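S.K.: I'd like to ask some things about the structure below.
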Amino acid sequence: MLVLLVSFALTHGKLALSWSEIWEIVNGGGTSAKRLLLFNFRLPRIVLAILAGALLTAVIIFVFAYKKRVGIIPVRLVLTGVVVSTGISALTLLLITKIDSENYRFVTMWHAGSIWGSNWFFVLALLPWMLVLIPWLLFKHRELDILQFGGAAAISLGVNIQRERIKLIIAAVALTGAAVSVTGGIGFLGLITPHITRRLGFKKHWQLLPVAAAIGSVLLLISDTIGRLSPGSGEIPAGTVVAIIGAPYFLYLLLKESTR
């Protein structure tokens, strides 16, 4: 259904596009008006409508990480995520080689992690997701605390771990998809902020979630400011600055864990 709807949305509108015209545009041909219609109006609208980086990918990962009678296996979840992420990155690279130089620069900046959606429209687009899902996650803090002790302990305490995991994964994916749609991929932020928060002594999720969010906000704001004020004609993407800060810290954590 999703494929059919995307196909219909790409070809239909006040100005129709045939599949042969779309193929010509993707390969660098077509008129400037048709390229503008496809890349600047129709495709962004479709992507925003379905928030595809997110829920569709999560379903694919979930299917391959799920084992009958066992449920979601964390190691398989991580490994499947890496494989799917690599495949999507390759597909993205294939697509952006077909677009013009101006859009290519924009996409590469977004891919590196750049707060390009810097106006109130994008703020208002992001707010509903946060206002609904963050309070819900805080409401689920007890389940999150129990799940930390493993599946057997959670079941003994009356938690339906598969149902709770699915709901929590969907909430995490929706929040991530909404954030990434306006900031691009800033991966290290999600890796290092929970570790920093736990090292500060916050263990319970009713504390951990808001503190991690605050620390993430601080790190991103610092990184974005450094990127904007960097010498030279252009900006350094915030995601690049976060990676420069985060990679050494994450390496330090790994080395510290390995010496225990």
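Chain labels follow the order of the structure tokens: the first chain is A, the next B, and so on; residue numbering restarts at 1 in every chain, and ligands are counted from 1 in their shown order.
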Find the spatial neighbours of range 246-249 of chain A, counting only C-alpha atoms, within a cut-off of 9 Å - ignore same-chain residues fewer than 6 positions away - and output them as a ChimeraX atom specification.
M.R.: /A:188-189,191-192
S.K.: Show me, as a list in words, the residues that have an atom within 8 Å of range 95-97 of chain A when counting only C-alpha atoms, minus same-chain residues fewer than 5 positions from it.
M.R.: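 Neighbouring residues, sequence-local ones excluded: Val26, Tyr104 and Val107 of chain A.
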S.K.: Please, could you write that set of residues out with N, CA and C atoms as a compact mmCIF listing (two decimals), in the first residue's frame?
M.R.:
# COMPACT_ATOMS: atom_id res chain seq x y z
N VAL A 26 15.63 11.73 -12.80
CA VAL A 26 16.55 11.06 -11.87
C VAL A 26 17.92 10.87 -12.51
N TYR A 104 22.81 18.53 -4.17
CA TYR A 104 23.80 17.58 -3.67
C TYR A 104 24.46 18.13 -2.41
N VAL A 107 21.94 17.89 0.51
CA VAL A 107 21.73 16.53 1.00
C VAL A 107 22.95 16.05 1.80
S.K.: Between A:Ile244, A:Ile170, A:Ala112, A:Leu254, which has the minimum distance to Ser89 in chain A (counting only C-alpha atoms)?
M.R.: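 Comparing A:Ile244, A:Ile170, A:Ala112, A:Leu254 against Ser89 in chain A, the winner is A:Ala112.
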S.K.: Using only C-alpha atoms, can you tell me which of A:Val173, A:Arg165, A:Leu55, A:Trp120 comes closest to Pro74 in chain A?
M.R.: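 Selected residue with least distance to Pro74 in chain A: A:Arg165.
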S.K.: Tell me which protein, DNA and RNA residues are within 8 Å of range 204-214 of chain A, counting only C-alpha atoms, leaving out same-chain ones fewer than 5 positions away, and put them as a list in words.
M.R.: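 Once the adjacent positions are removed, what remains is Leu138, His141, Arg142, Leu144, Asp145, Thr193, Pro194, Ile196, Thr197 and Arg198 of chain A.
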S.K.: Could you pull the residues within 7 Å of range 63-72 of chain A, counting only C-alpha atoms, minus those fewer than 5 positions along the same chain, as number ranges by chain?
M.R.: A: 77, 80, 162
S.K.: Grab the CA of Gly201 in chain A to CA of Thr225 in chain A distance for me, in Å with one decimal place.
M.R.: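 Atom-to-atom, CA of Gly201 in chain A to CA of Thr225 in chain A, that is 28.1 Å.
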S.K.: With distances taken over only C-alpha atoms, which of A:Ala153, A:Leu36, A:Ala174, A:Leu253 is nearest to Met130 in chain A?
M.R.: A:Ala174
S.K.: Hey, what's within 8 Å of Gly151 in chain A if we count only C-alpha atoms and toss same-chain stuff fewer than 4 positions away? As a list in words, please?
M.R.: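 That gives Leu147, Ile155 and Ile161 of chain A.
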S.K.: Provide the CA of Leu175 in chain A to CA of Gly113 in chain A distance in Å, to one decimal place.
M.R.: 16.0 Å
S.K.: From a backbone DSSP assignment, name each residue in range 9-210 of chain A labelled strand (DSSP E), as a ChimeraX atom specification.
M.R.: /A:66-67,71-72
S.K.: Could you write those residues out with C-alpha atoms, as a PDB file, in the first residue's frame?
M.R.:
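Saved result, out14.pdb, follows:
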ATOM      1  CA  TYR A  66      12.723 -11.392  16.180  1.00  0.00           C
ATOM      2  CA  LYS A  67      13.099 -15.073  17.045  1.00  0.00           C
ATOM      3  CA  GLY A  71      11.162 -12.519  21.013  1.00  0.00           C
ATOM      4  CA  ILE A  72      13.469  -9.612  20.257  1.00  0.00           C
TER       5      ILE A  72
END
S.K.: For the atom pair CA of Glu235 in chain A and CA of Thr183 in chain A, what is the interatomic distance in Å to one decimal place?
M.R.: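 These two atoms are separated by 14.3 Å.
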S.K.: Taking only C-alpha atoms into account, name the residue in A:Leu4, A:Phe139, A:Ser18, A:Lys34 that is nearest to Leu168 in chain A.
M.R.: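 When distances to Leu168 in chain A are compared using only C-alpha atoms, the smallest one comes from A:Phe139.
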